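Asker: File name entry09.txt; file contents compact mmCIF, C-alpha atoms and all ligand atoms; full text below.
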# COMPACT_ATOMS: atom_id res chain seq x y z
CA MET A 1483 -8.68 77.30 -6.60
CA SER A 1484 -10.53 79.97 -4.62
CA VAL A 1485 -10.95 79.89 -0.84
CA LEU A 1486 -14.68 79.28 -1.33
CA GLU A 1487 -14.04 76.27 -3.55
CA ALA A 1488 -11.41 75.08 -1.12
CA PHE A 1489 -13.75 75.31 1.86
CA GLN A 1490 -16.24 73.15 -0.01
CA LEU A 1491 -13.57 70.49 -0.26
CA LYS A 1492 -13.13 68.33 2.78
CA SER A 1493 -9.54 67.97 3.78
CA SER A 1494 -8.66 64.63 2.26
CA LEU A 1495 -6.33 63.91 5.16
CA PRO A 1496 -6.43 60.14 5.73
CA ASP A 1497 -7.89 59.00 9.06
CA ASN A 1498 -4.70 57.40 10.33
CA TYR A 1499 -3.23 60.88 11.00
CA LEU A 1500 -6.08 61.63 13.37
CA SER A 1501 -5.14 58.74 15.63
CA MET A 1502 -1.45 59.73 15.92
CA ASN A 1503 -0.30 61.97 18.75
CA ASN A 1504 1.97 64.99 18.26
CA ARG A 1505 5.08 63.20 19.50
CA GLN A 1506 4.61 60.37 16.98
CA MET A 1507 4.01 62.79 14.15
CA GLU A 1508 7.02 64.91 15.07
CA GLU A 1509 9.24 61.83 15.12
CA ARG A 1510 8.08 60.81 11.66
CA VAL A 1511 8.65 64.34 10.30
CA ARG A 1512 12.20 64.30 11.68
CA GLU A 1513 12.85 60.85 10.18
CA ILE A 1514 11.69 61.91 6.72
CA LYS A 1515 13.63 65.17 6.85
CA GLU A 1516 16.76 63.24 7.75
CA LEU A 1517 16.15 60.67 5.04
CA PHE A 1518 15.79 63.27 2.28
CA GLY A 1519 18.34 65.82 3.51
CA ALA A 1520 18.84 68.67 1.02
CA ARG A 1521 16.50 67.00 -1.50
CA LEU A 1522 13.65 68.25 0.68
CA TYR A 1523 13.11 71.92 1.55
CA ILE A 1524 10.45 73.28 3.88
CA PRO A 1525 9.97 77.06 3.76
CA GLY A 1526 7.54 78.50 6.34
CA HIS A 1527 5.81 81.87 6.42
CA HIS A 1528 5.97 83.76 9.73
CA TYR A 1529 2.18 83.39 10.13
CA GLN A 1530 2.38 79.60 10.37
CA LYS A 1531 1.67 77.71 13.57
CA ASP A 1532 4.54 76.77 15.92
CA GLU A 1533 3.86 73.04 15.38
CA VAL A 1534 4.76 73.56 11.71
CA ILE A 1535 7.34 76.34 11.91
CA GLN A 1536 9.55 74.19 14.17
CA PHE A 1537 10.31 72.06 11.08
CA ALA A 1538 10.87 74.90 8.62
CA ASP A 1539 14.29 74.99 6.95
CA ALA A 1540 13.78 78.72 6.49
CA THR A 1541 11.20 81.18 7.76
CA GLY A 1542 10.42 84.48 6.17
CA ASP A 1543 7.86 86.96 4.94
CA SER A 1544 6.48 86.78 1.40
CA LEU A 1545 9.46 88.54 -0.16
CA GLN A 1546 12.07 86.45 1.62
CA LEU A 1547 10.27 83.21 0.77
CA ALA A 1548 10.04 84.18 -2.91
CA GLN A 1549 13.77 85.02 -2.91
CA LEU A 1550 14.62 81.73 -1.21
CA ALA A 1551 12.54 79.75 -3.71
CA ALA A 1552 14.31 81.50 -6.60
CA GLN A 1553 17.74 80.68 -5.12
CA ASN A 1554 17.14 77.04 -4.21
CA LYS A 1555 18.35 74.81 -7.04
CA GLU A 1556 19.07 71.81 -4.85
CA ALA A 1557 15.74 70.64 -3.48
CA GLU A 1558 13.67 68.16 -5.45
CA TYR A 1559 10.69 68.66 -3.16
CA ILE A 1560 9.56 71.97 -1.72
CA VAL A 1561 6.87 71.52 0.90
CA PHE A 1562 5.51 75.01 1.21
CA CYS A 1563 4.14 75.94 4.62
CA GLY A 1564 2.17 79.03 3.76
CA VAL A 1565 -0.83 79.72 1.53
CA HIS A 1566 -1.70 78.80 -2.04
CA PHE A 1567 -0.44 81.96 -3.78
CA MET A 1568 2.96 81.55 -2.06
CA ALA A 1569 3.25 77.95 -3.28
CA GLU A 1570 2.31 79.10 -6.80
CA THR A 1571 5.02 81.76 -6.63
CA ALA A 1572 7.53 79.13 -5.53
CA ASP A 1573 6.51 76.90 -8.45
CA ILE A 1574 6.91 79.79 -10.91
CA LEU A 1575 10.36 80.66 -9.55
CA THR A 1576 11.76 77.14 -9.34
CA GLU A 1577 12.88 74.80 -12.07
CA GLU A 1578 10.60 72.35 -13.88
CA ARG A 1579 12.14 69.32 -12.10
CA GLN A 1580 11.45 70.81 -8.63
CA LYS A 1581 8.08 69.80 -7.17
CA VAL A 1582 6.15 72.23 -4.96
CA ILE A 1583 3.64 70.77 -2.52
CA LEU A 1584 1.06 72.59 -0.40
CA PRO A 1585 0.20 70.34 2.58
CA ASP A 1586 -3.49 71.38 2.56
CA MET A 1587 -5.11 72.58 -0.67
CA ARG A 1588 -7.67 74.48 1.38
CA ALA A 1589 -4.96 76.93 2.52
CA GLY A 1590 -6.01 79.79 0.25
CA CYS A 1591 -6.14 83.53 0.87
CA SER A 1592 -9.42 85.45 0.92
CA MET A 1593 -7.64 88.59 -0.28
CA ALA A 1594 -6.16 86.84 -3.31
CA ASP A 1595 -9.67 85.62 -4.16
CA MET A 1596 -10.95 89.20 -4.29
CA ALA A 1597 -9.43 89.69 -7.75
CA ASP A 1598 -10.04 87.11 -10.42
CA ILE A 1599 -8.58 87.32 -13.89
CA TYR A 1600 -11.94 87.85 -15.64
CA GLN A 1601 -12.79 90.80 -13.42
CA THR A 1602 -9.29 92.15 -14.00
CA GLU A 1603 -9.49 91.89 -17.80
CA ARG A 1604 -12.88 93.68 -17.76
CA ALA A 1605 -11.59 96.40 -15.42
CA TRP A 1606 -8.55 96.92 -17.62
CA GLU A 1607 -10.69 97.37 -20.72
CA LYS A 1608 -12.85 99.98 -19.02
CA LEU A 1609 -9.88 101.78 -17.51
CA GLN A 1610 -8.10 101.88 -20.88
CA THR A 1611 -11.17 103.51 -22.38
CA LEU A 1612 -11.15 106.12 -19.63
CA PHE A 1613 -7.41 106.79 -19.36
CA GLY A 1614 -5.79 105.37 -22.50
CA ASP A 1615 -2.35 103.82 -22.26
CA THR A 1616 -1.34 105.63 -19.07
CA ILE A 1617 -1.68 102.87 -16.45
CA LEU A 1618 0.80 100.36 -15.06
CA PRO A 1619 -0.66 97.38 -13.17
CA LEU A 1620 1.02 96.34 -9.91
CA THR A 1621 -0.11 93.38 -7.90
CA TYR A 1622 0.60 92.47 -4.32
CA VAL A 1623 2.07 88.94 -4.37
CA ASN A 1624 -1.07 87.94 -2.47
CA SER A 1625 -2.80 87.25 -5.78
CA THR A 1626 -3.30 84.37 -8.16
CA ALA A 1627 -0.67 83.40 -10.72
CA ALA A 1628 -3.08 84.58 -13.44
CA ILE A 1629 -3.13 88.13 -11.99
CA LYS A 1630 0.65 88.13 -11.75
CA ALA A 1631 0.78 87.04 -15.39
CA PHE A 1632 -1.64 89.84 -16.32
CA CYS A 1633 0.69 92.37 -14.70
CA GLY A 1634 3.72 90.81 -16.38
CA LYS A 1635 2.03 91.00 -19.79
CA HIS A 1636 1.21 94.68 -19.35
CA GLY A 1637 4.68 95.81 -18.25
CA GLY A 1638 3.82 95.73 -14.55
CA ALA A 1639 5.23 93.93 -11.55
CA THR A 1640 4.48 92.24 -8.27
CA VAL A 1641 5.13 93.90 -4.91
CA THR A 1642 5.28 92.66 -1.35
CA SER A 1643 4.70 94.66 1.79
CA SER A 1644 8.51 94.89 2.20
CA ASN A 1645 9.17 96.60 -1.12
CA ALA A 1646 5.84 98.23 -2.01
CA GLU A 1647 7.24 101.75 -1.67
CA LYS A 1648 10.17 101.01 -3.99
CA MET A 1649 7.90 99.34 -6.53
CA VAL A 1650 5.27 102.11 -6.52
CA ARG A 1651 8.02 104.71 -7.05
CA TRP A 1652 9.37 102.62 -9.92
CA ALA A 1653 5.88 102.27 -11.43
CA PHE A 1654 5.58 106.04 -11.64
CA THR A 1655 8.78 106.18 -13.69
CA GLN A 1656 6.99 103.95 -16.24
CA GLN A 1657 3.48 105.39 -16.41
CA GLU A 1658 1.33 108.28 -15.17
CA ARG A 1659 -1.03 106.08 -13.18
CA ILE A 1660 -1.05 102.76 -11.39
CA LEU A 1661 -3.68 100.09 -10.90
CA PHE A 1662 -2.90 98.39 -7.58
CA LEU A 1663 -4.37 94.91 -7.00
CA PRO A 1664 -5.86 93.36 -4.90
CA ASP A 1665 -5.26 95.10 -1.53
CA GLN A 1666 -6.64 98.63 -1.42
CA HIS A 1667 -5.04 99.24 1.98
CA LEU A 1668 -1.46 98.38 1.05
CA GLY A 1669 -1.92 100.41 -2.15
CA ARG A 1670 -3.36 103.45 -0.35
CA ASN A 1671 -0.88 103.37 2.53
CA THR A 1672 2.08 103.07 0.16
CA ALA A 1673 0.94 105.75 -2.27
CA TYR A 1674 0.20 108.13 0.61
CA GLN A 1675 3.62 107.44 2.10
CA ILE A 1676 5.30 108.62 -1.11
CA GLY A 1677 3.26 111.82 -1.13
CA ILE A 1678 0.18 111.09 -3.26
CA PRO A 1679 -2.85 112.71 -1.62
CA LEU A 1680 -5.99 110.67 -0.98
CA ASN A 1681 -7.95 112.83 -3.41
CA GLU A 1682 -5.79 111.49 -6.27
CA MET A 1683 -6.76 107.90 -5.43
CA ALA A 1684 -9.87 106.11 -6.66
CA ILE A 1685 -11.29 102.70 -5.85
CA TRP A 1686 -12.17 100.19 -8.56
CA ASP A 1687 -15.18 98.13 -7.49
CA PRO A 1688 -14.90 94.80 -9.37
CA ILE A 1689 -18.48 93.79 -8.57
CA ALA A 1690 -20.17 97.03 -9.71
CA GLU A 1691 -17.44 97.37 -12.38
CA GLN A 1692 -17.02 101.06 -11.70
CA LEU A 1693 -14.73 103.65 -10.23
CA GLU A 1694 -15.54 105.14 -6.85
CA TYR A 1695 -14.33 108.72 -7.11
CA ASP A 1696 -15.68 112.24 -6.62
CA GLY A 1697 -14.19 114.78 -8.98
CA ASP A 1698 -12.44 114.98 -12.33
CA VAL A 1699 -11.18 111.47 -13.10
CA GLN A 1700 -8.20 112.88 -14.96
CA ASN A 1701 -6.73 113.79 -11.54
CA ILE A 1702 -6.57 110.12 -10.53
CA LYS A 1703 -3.05 108.79 -10.08
CA VAL A 1704 -3.77 105.57 -8.20
CA ILE A 1705 -6.59 103.10 -8.86
CA LEU A 1706 -7.04 100.81 -5.87
CA TRP A 1707 -8.71 97.45 -6.37
CA LYS A 1708 -11.46 97.02 -3.79
CA GLY A 1709 -9.90 94.09 -1.90
CA HIS A 1710 -8.63 93.68 1.62
CA CYS A 1711 -7.18 91.22 4.10
CA SER A 1712 -9.92 89.94 6.37
CA VAL A 1713 -7.38 89.49 9.17
CA HIS A 1714 -5.70 92.91 9.12
CA GLU A 1715 -8.97 94.78 8.53
CA LYS A 1716 -10.01 93.74 12.04
CA PHE A 1717 -7.63 96.22 13.68
CA THR A 1718 -9.41 99.50 14.32
CA VAL A 1719 -8.74 103.04 15.50
CA GLU A 1720 -10.86 102.19 18.58
CA ASN A 1721 -8.39 99.39 19.39
CA ILE A 1722 -5.58 101.97 19.33
CA ASN A 1723 -7.53 104.48 21.45
CA ASP A 1724 -8.40 101.76 24.00
CA ILE A 1725 -4.78 100.64 24.30
CA ARG A 1726 -3.54 104.23 24.68
CA ARG A 1727 -6.14 104.99 27.35
CA LYS A 1728 -5.05 101.94 29.36
CA ASN A 1729 -1.32 102.20 28.69
CA PRO A 1730 -0.03 105.47 27.22
CA ASP A 1731 3.52 104.05 26.97
CA MET A 1732 2.50 101.20 24.68
CA ASN A 1733 4.03 101.37 21.17
CA VAL A 1734 1.52 100.57 18.44
CA ILE A 1735 2.98 98.83 15.39
CA VAL A 1736 0.86 97.61 12.48
CA HIS A 1737 1.11 95.91 9.10
CA PRO A 1738 0.23 98.08 6.04
CA GLU A 1739 -2.63 95.69 5.16
CA CYS A 1740 -4.44 97.56 7.98
CA SER A 1741 -6.64 100.47 6.97
CA TRP A 1742 -5.17 103.93 6.27
CA GLU A 1743 -6.83 105.32 9.41
CA VAL A 1744 -5.17 102.66 11.58
CA VAL A 1745 -1.77 103.12 9.92
CA GLN A 1746 -2.02 106.90 10.44
CA GLN A 1747 -2.76 106.50 14.14
CA ALA A 1748 -0.10 103.84 14.77
CA ASP A 1749 3.41 104.73 15.96
CA PHE A 1750 5.02 102.42 13.41
CA ALA A 1751 3.85 100.59 10.30
CA GLY A 1752 5.64 98.11 8.08
CA SER A 1753 5.85 94.64 6.65
CA THR A 1754 5.97 91.43 8.67
CA ASN A 1755 9.75 91.52 8.52
CA TYR A 1756 9.84 95.16 9.62
CA ILE A 1757 7.67 94.33 12.64
CA ILE A 1758 9.99 91.47 13.62
CA GLN A 1759 13.06 93.70 13.29
CA GLN A 1760 11.51 96.55 15.30
CA LEU A 1761 10.76 94.15 18.14
CA GLU A 1762 14.32 92.80 17.95
CA LYS A 1763 15.73 96.33 18.28
CA ALA A 1764 13.33 97.47 21.00
CA PRO A 1765 14.77 98.06 24.48
CA ALA A 1766 14.00 95.65 27.33
CA GLY A 1767 11.00 96.80 29.33
CA SER A 1768 9.24 98.39 26.33
CA SER A 1769 5.61 97.53 25.52
CA TRP A 1770 4.18 96.72 22.09
CA ALA A 1771 0.67 96.31 20.74
CA ILE A 1772 0.95 94.61 17.37
CA GLY A 1773 -1.54 94.75 14.52
CA THR A 1774 -0.77 91.61 12.56
CA GLU A 1775 -1.51 87.90 12.41
CA MET A 1776 -1.86 86.13 15.80
CA ASN A 1777 0.52 83.19 15.32
CA LEU A 1778 3.30 85.72 14.77
CA VAL A 1779 2.19 87.98 17.64
CA ASN A 1780 2.12 85.00 20.03
CA ARG A 1781 5.56 83.87 18.86
CA LEU A 1782 6.98 87.37 19.34
CA ALA A 1783 5.47 87.49 22.85
CA LYS A 1784 7.08 84.13 23.70
CA HIS A 1785 10.43 85.17 22.28
CA HIS A 1786 10.67 88.67 23.83
CA THR A 1787 10.19 87.77 27.48
CA ASP A 1788 11.88 91.06 28.48
CA LYS A 1789 9.15 93.10 26.73
CA THR A 1790 5.39 93.29 26.91
CA VAL A 1791 3.93 92.10 23.60
CA ILE A 1792 0.17 91.94 23.00
CA SER A 1793 -2.21 91.95 20.06
CA LEU A 1794 -3.63 95.35 19.15
CA ASN A 1795 -7.04 93.69 19.03
CA PRO A 1796 -7.69 91.57 22.14
CA ASN A 1797 -10.30 89.48 20.30
CA MET A 1798 -8.18 88.58 17.32
CA CYS A 1799 -7.92 85.07 15.82
CA PRO A 1800 -5.13 83.70 13.61
CA CYS A 1801 -5.51 83.68 9.81
CA LEU A 1802 -7.81 80.70 9.26
CA THR A 1803 -6.32 79.64 5.97
CA MET A 1804 -2.69 79.90 7.13
CA ASN A 1805 -3.76 77.71 10.06
CA ARG A 1806 -4.94 74.95 7.76
CA ILE A 1807 -1.33 73.86 7.46
CA ASP A 1808 -0.87 71.83 10.61
CA LEU A 1809 1.31 68.97 11.78
CA PRO A 1810 -0.92 66.16 10.40
CA HIS A 1811 -1.05 67.78 6.95
CA LEU A 1812 2.70 68.42 6.98
CA LEU A 1813 3.36 64.78 7.81
CA TRP A 1814 0.86 63.62 5.18
CA ALA A 1815 2.71 65.68 2.54
CA LEU A 1816 6.09 64.32 3.63
CA GLU A 1817 4.91 60.71 3.68
CA SER A 1818 3.50 61.16 0.18
CA ILE A 1819 7.02 62.08 -0.97
CA GLU A 1820 8.48 59.10 0.87
CA LYS A 1821 5.99 56.77 -0.84
CA GLY A 1822 6.60 58.38 -4.24
CA LYS A 1823 2.90 59.25 -4.54
CA LEU A 1824 2.82 63.03 -4.32
CA ILE A 1825 -0.26 64.79 -3.02
CA ASN A 1826 -1.27 68.43 -3.50
CA GLU A 1827 1.34 69.34 -6.07
CA ILE A 1828 1.07 72.98 -7.14
CA LYS A 1829 1.66 73.41 -10.85
CA VAL A 1830 1.22 76.69 -12.67
CA ASP A 1831 0.78 76.23 -16.42
CA LYS A 1832 3.64 77.23 -18.72
CA GLU A 1833 2.05 80.26 -20.37
CA THR A 1834 0.89 81.77 -17.06
CA SER A 1835 4.32 81.12 -15.54
CA GLU A 1836 6.13 82.79 -18.43
CA TYR A 1837 4.28 86.07 -17.94
CA ALA A 1838 4.08 85.85 -14.15
CA ILE A 1839 7.83 85.45 -13.95
CA CYS A 1840 8.28 88.76 -15.80
CA ALA A 1841 6.25 90.49 -13.06
CA LEU A 1842 8.10 88.67 -10.28
CA ASN A 1843 11.53 89.34 -11.78
CA ARG A 1844 10.80 93.04 -12.17
CA MET A 1845 10.31 92.99 -8.40
CA LEU A 1846 13.14 90.62 -7.48
CA ASP A 1847 15.62 92.62 -9.61
CA ARG A 1848 14.81 95.68 -7.52
CA ALA A 1849 14.39 94.02 -4.12
P1 LIG B 1901 4.08 89.82 4.12
O1 LIG B 1901 4.71 88.50 4.35
O2 LIG B 1901 4.54 90.44 2.82
O3 LIG B 1901 4.25 90.77 5.25
O4 LIG B 1901 2.52 89.60 3.90
C1 LIG B 1901 1.67 89.34 4.93
C2 LIG B 1901 0.58 88.45 4.57
O5 LIG B 1901 -0.57 88.73 4.76
C3 LIG B 1901 0.91 87.18 3.97
O6 LIG B 1901 -0.26 86.52 3.65
FE1 LIG B 1902 -4.49 86.31 3.07
FE2 LIG B 1902 -4.64 88.05 5.08
FE3 LIG B 1902 -4.36 85.45 5.61
FE4 LIG B 1902 -2.33 86.86 4.54
S1 LIG B 1902 -3.22 87.14 6.56
S2 LIG B 1902 -3.05 84.81 3.91
S3 LIG B 1902 -3.46 88.30 3.24
S4 LIG B 1902 -6.14 86.44 4.58
How would this structure read if it were set down as structure tokens?
Ligand code: 13P
Ligand code: SF4
Answerer:
Amino acid sequence: MSVLEAFQLKSSLPDNYLSMNNRQMEERVREIKELFGARLYIPGHHYQKDEVIQFADATGDSLQLAQLAAQNKEAEYIVFCGVHFMAETADILTEERQKVILPDMRAGCSMADMADIYQTERAWEKLQTLFGDTILPLTYVNSTAAIKAFCGKHGGATVTSSNAEKMVRWAFTQQERILFLPDQHLGRNTAYQIGIPLNEMAIWDPIAEQLEYDGDVQNIKVILWKGHCSVHEKFTVENINDIRRKNPDMNVIVHPECSWEVVQQADFAGSTNYIIQQLEKAPAGSSWAIGTEMNLVNRLAKHHTDKTVISLNPNMCPCLTMNRIDLPHLLWALESIEKGKLINEIKVDKETSEYAICALNRMLDRA
């Protein structure tokens, strides 16, 4: 389901959750967790709200959560606190008997929606005509199961922001060129980092169905799908200049979903996990302006009281779709398990799963 379709849906959260206060809901969540023990597993992405993350059995970035899902053979119910593509990944990587639940079906990802399978099949056909069998498709895990399956079918793999460099290097041992979906920024930043110049990268526009490139197309090494994260795109070079004018000692650290210009100007760039680790290692008294999702930035600021931690963009909001998972929806999901009437189960069909798992395993085997 796309974010647009999901926004058209009303949350079907029953009214009784609206009349409960936080303390009552928290008590019920604790009770149900205790009742189910290891039969219930709640993974939470670092971008989730505090009211949800407090109940997570494990927190992590996309890579860690995929690895945890693949390892967990014990839980019957996995209540995934993250977005739709992460719950799909968990369903693909877990066994048939394990049920994956997304507390709010409207928790999609606008970036994942920027590449649909029909657009991808059409792009592939046109790119094959231009370049022949010289391209390997790689997809950021922030994509639908169908796109992962497409990559699996064509010898490609998934990547996350933690292992994109490793995966892009691997891809070039397989083919001359890569098609990187759906985040142009992660693709560009990673390819540039391993030494591919910008003039060997083209953009594929899925709406116009054409390449954006000046020059001889045979020089193209990297084809970047024209998608982006609407959260990370909001960090700008002006934000960095402003911060440096006001506080020249401030360290600027950003996620590689930010634009190439921002990544080039920042002092440090890396995945969600990398950002967390850098802050952990940083000396007391140091100052950090962070270019990533606000729930995480606020949590880091609360945790590192000996450091100054702010958002790189002072007017930033959290990721809207990540925020759809809240305490009432978490409780609703848990009570549905307790009643034996599951809501919002995420089920990827068998054929899609079979190919998607090839793409995921090519990544997990190298992670
Ligand atoms: P990572 O968890 O790989 O850093 O991805 C960030 C993100 O945008 C998740 O939606
Ligand atoms: Fe998607 Fe960006 Fe939100 Fe991550 S932060 S879920 S990539 S919109």
Asker: Residues up to 9 Å from ligand LIG 1901 (chain B), counting all atoms listed in the file: could you list those as a tab-separated table (two decimals) with C-alpha atoms, in the coordinates of the input?
Answerer:
chain	number	residue	atom	x	y	z
A	1527	HIS	CA	5.81	81.87	6.42
A	1528	HIS	CA	5.97	83.76	9.73
A	1529	TYR	CA	2.18	83.39	10.13
A	1542	GLY	CA	10.42	84.48	6.17
A	1543	ASP	CA	7.86	86.96	4.94
A	1544	SER	CA	6.48	86.78	1.40
A	1545	LEU	CA	9.46	88.54	-0.16
A	1546	GLN	CA	12.07	86.45	1.62
A	1547	LEU	CA	10.27	83.21	0.77
A	1564	GLY	CA	2.17	79.03	3.76
A	1565	VAL	CA	-0.83	79.72	1.53
A	1567	PHE	CA	-0.44	81.96	-3.78
A	1568	MET	CA	2.96	81.55	-2.06
A	1591	CYS	CA	-6.14	83.53	0.87
A	1593	MET	CA	-7.64	88.59	-0.28
A	1622	TYR	CA	0.60	92.47	-4.32
A	1623	VAL	CA	2.07	88.94	-4.37
A	1624	ASN	CA	-1.07	87.94	-2.47
A	1641	VAL	CA	5.13	93.90	-4.91
A	1642	THR	CA	5.28	92.66	-1.35
A	1643	SER	CA	4.70	94.66	1.79
A	1644	SER	CA	8.51	94.89	2.20
A	1645	ASN	CA	9.17	96.60	-1.12
A	1711	CYS	CA	-7.18	91.22	4.10
A	1713	VAL	CA	-7.38	89.49	9.17
A	1714	HIS	CA	-5.70	92.91	9.12
A	1737	HIS	CA	1.11	95.91	9.10
A	1738	PRO	CA	0.23	98.08	6.04
A	1739	GLU	CA	-2.63	95.69	5.16
A	1752	GLY	CA	5.64	98.11	8.08
A	1753	SER	CA	5.85	94.64	6.65
A	1754	THR	CA	5.97	91.43	8.67
A	1755	ASN	CA	9.75	91.52	8.52
A	1756	TYR	CA	9.84	95.16	9.62
A	1757	ILE	CA	7.67	94.33	12.64
A	1774	THR	CA	-0.77	91.61	12.56
A	1775	GLU	CA	-1.51	87.90	12.41
A	1801	CYS	CA	-5.51	83.68	9.81
A	1804	MET	CA	-2.69	79.90	7.13
Asker: From the options A:Asn1826, A:Gln1530, A:Asn1504, A:Thr1787, which residue's atoms come nearest to ligand LIG 1902 (chain B), counting all atoms listed in the file?
Answerer: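 Ranked by minimum distance to ligand LIG 1902 (chain B), first place goes to A:Gln1530.
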Asker: Separation of atom CA of A:Gly1519 and atom CA of A:Asn1554, in Å?
Answerer: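 For atom CA of A:Gly1519 relative to atom CA of A:Asn1554, the distance reads 13.7 Å.
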Asker: Which residue is closest to A:Arg1844? Choose from A:Arg1806, A:Lys1630, A:His1786, A:His1710 and count only C-alpha atoms.
Answerer: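 Once distances to A:Arg1844 are computed over only C-alpha atoms, the minimum belongs to A:Lys1630.
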Asker: Find the residue from A:Glu1827, A:Glu1694, A:Glu1509, A:Asp1595 that sits nearest to ligand LIG 1902 (chain B); use all atoms listed in the file when measuring.
Answerer: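 Smallest separation from ligand LIG 1902 (chain B) among the options: A:Asp1595.
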Asker: Name the closest residue to ligand LIG 1902 (chain B) among the candidates A:Gly1590, A:Gly1697, A:Gly1773, A:Pro1765; distances are taken between atoms, counting only C-alpha atoms and all ligand atoms.
Answerer: A:Gly1590
Asker: Emit as JSON the padded axis-aligned box for all listed atoms of stretch 1556-1575 of chain A, 8 Å per side, with centre and edge lengths in Å to one decimal.
Answerer:
{"center_x": 8.7, "center_y": 75.1, "center_z": -3.1, "size_x": 36.8, "size_y": 29.8, "size_z": 31.5}
Asker: Let me make sure I understand: among A:Ile1660, A:Ile1758, A:Leu1500, A:Ile1514, which one has the smallest atom-to-atom distance to A:Glu1817 if we use all atoms listed in the file?
Answerer: A:Ile1514
Asker: Env of A:Ser1741: 9 Å cut, atoms = all atoms listed in the file, seq-sep filter 4 positions within chain, self excluded. Answer as a ChimeraX atom specification.
Answerer: /A:1666-1668,1670-1671,1710,1714-1715,1717-1718,1745-1746
Asker: Emit the selected residues as a compact mmCIF listing (two decimals), in the frame of the given file, including C-alpha atoms.
Answerer:
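So the final result, stored in result.txt, reads:
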# COMPACT_ATOMS: atom_id res chain seq x y z
CA GLN A 1666 -6.64 98.63 -1.42
CA HIS A 1667 -5.04 99.24 1.98
CA LEU A 1668 -1.46 98.38 1.05
CA ARG A 1670 -3.36 103.45 -0.35
CA ASN A 1671 -0.88 103.37 2.53
CA HIS A 1710 -8.63 93.68 1.62
CA HIS A 1714 -5.70 92.91 9.12
CA GLU A 1715 -8.97 94.78 8.53
CA PHE A 1717 -7.63 96.22 13.68
CA THR A 1718 -9.41 99.50 14.32
CA VAL A 1745 -1.77 103.12 9.92
CA GLN A 1746 -2.02 106.90 10.44
Asker: A:Ile1828, A:Leu1782, A:Ile1535, A:Val1511: which is nearest A:Gln1580, counting all atoms listed in the file?
Answerer: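 The answer is A:Ile1828, which sits nearest to A:Gln1580.
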Asker: Neighbourhood query: residues within 12 Å of (-5.2, 69.2, 11.1), file coordinates, counting only C-alpha atoms; return as JSON, numbers by chain.
Answerer: {"A": [1492, 1493, 1494, 1495, 1496, 1497, 1498, 1499, 1500, 1501, 1502, 1503, 1504, 1507, 1531, 1533, 1534, 1585, 1586, 1588, 1589, 1802, 1803, 1804, 1805, 1806, 1807, 1808, 1809, 1810, 1811, 1812, 1813, 1814]}
Asker: Just to confirm, what's the straight-line distance from atom CA of A:Ala1838 to atom CA of A:Phe1654 in Å (one decimal)?
Answerer: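 Going from atom CA of A:Ala1838 over to atom CA of A:Phe1654, I get 20.4 Å.
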Asker: Please provide the set of residues having any atom within 7 Å of A:Ile1524, restricted to all atoms listed in the file, with same-chain residues fewer than 4 positions apart removed, written as a PyMOL selection string.
Answerer: chain A and resi 1538-1540+1560-1563
Asker: Calculate how many Å separate atom CA of A:Glu1556 from atom CA of A:Ala1520, rounding to one decimal.
Answerer: 6.7 Å
Asker: Identify, on the basis of only C-alpha atoms, every residue whose closest approach to A:Ala1783 does not exceed 12 Å; exclude the query and any residue fewer than 6 positions from it along the same chain; express the result as a PyMOL selection string.
Answerer: chain A and resi 1758+1761-1762+1769-1772+1776-1777+1789-1793
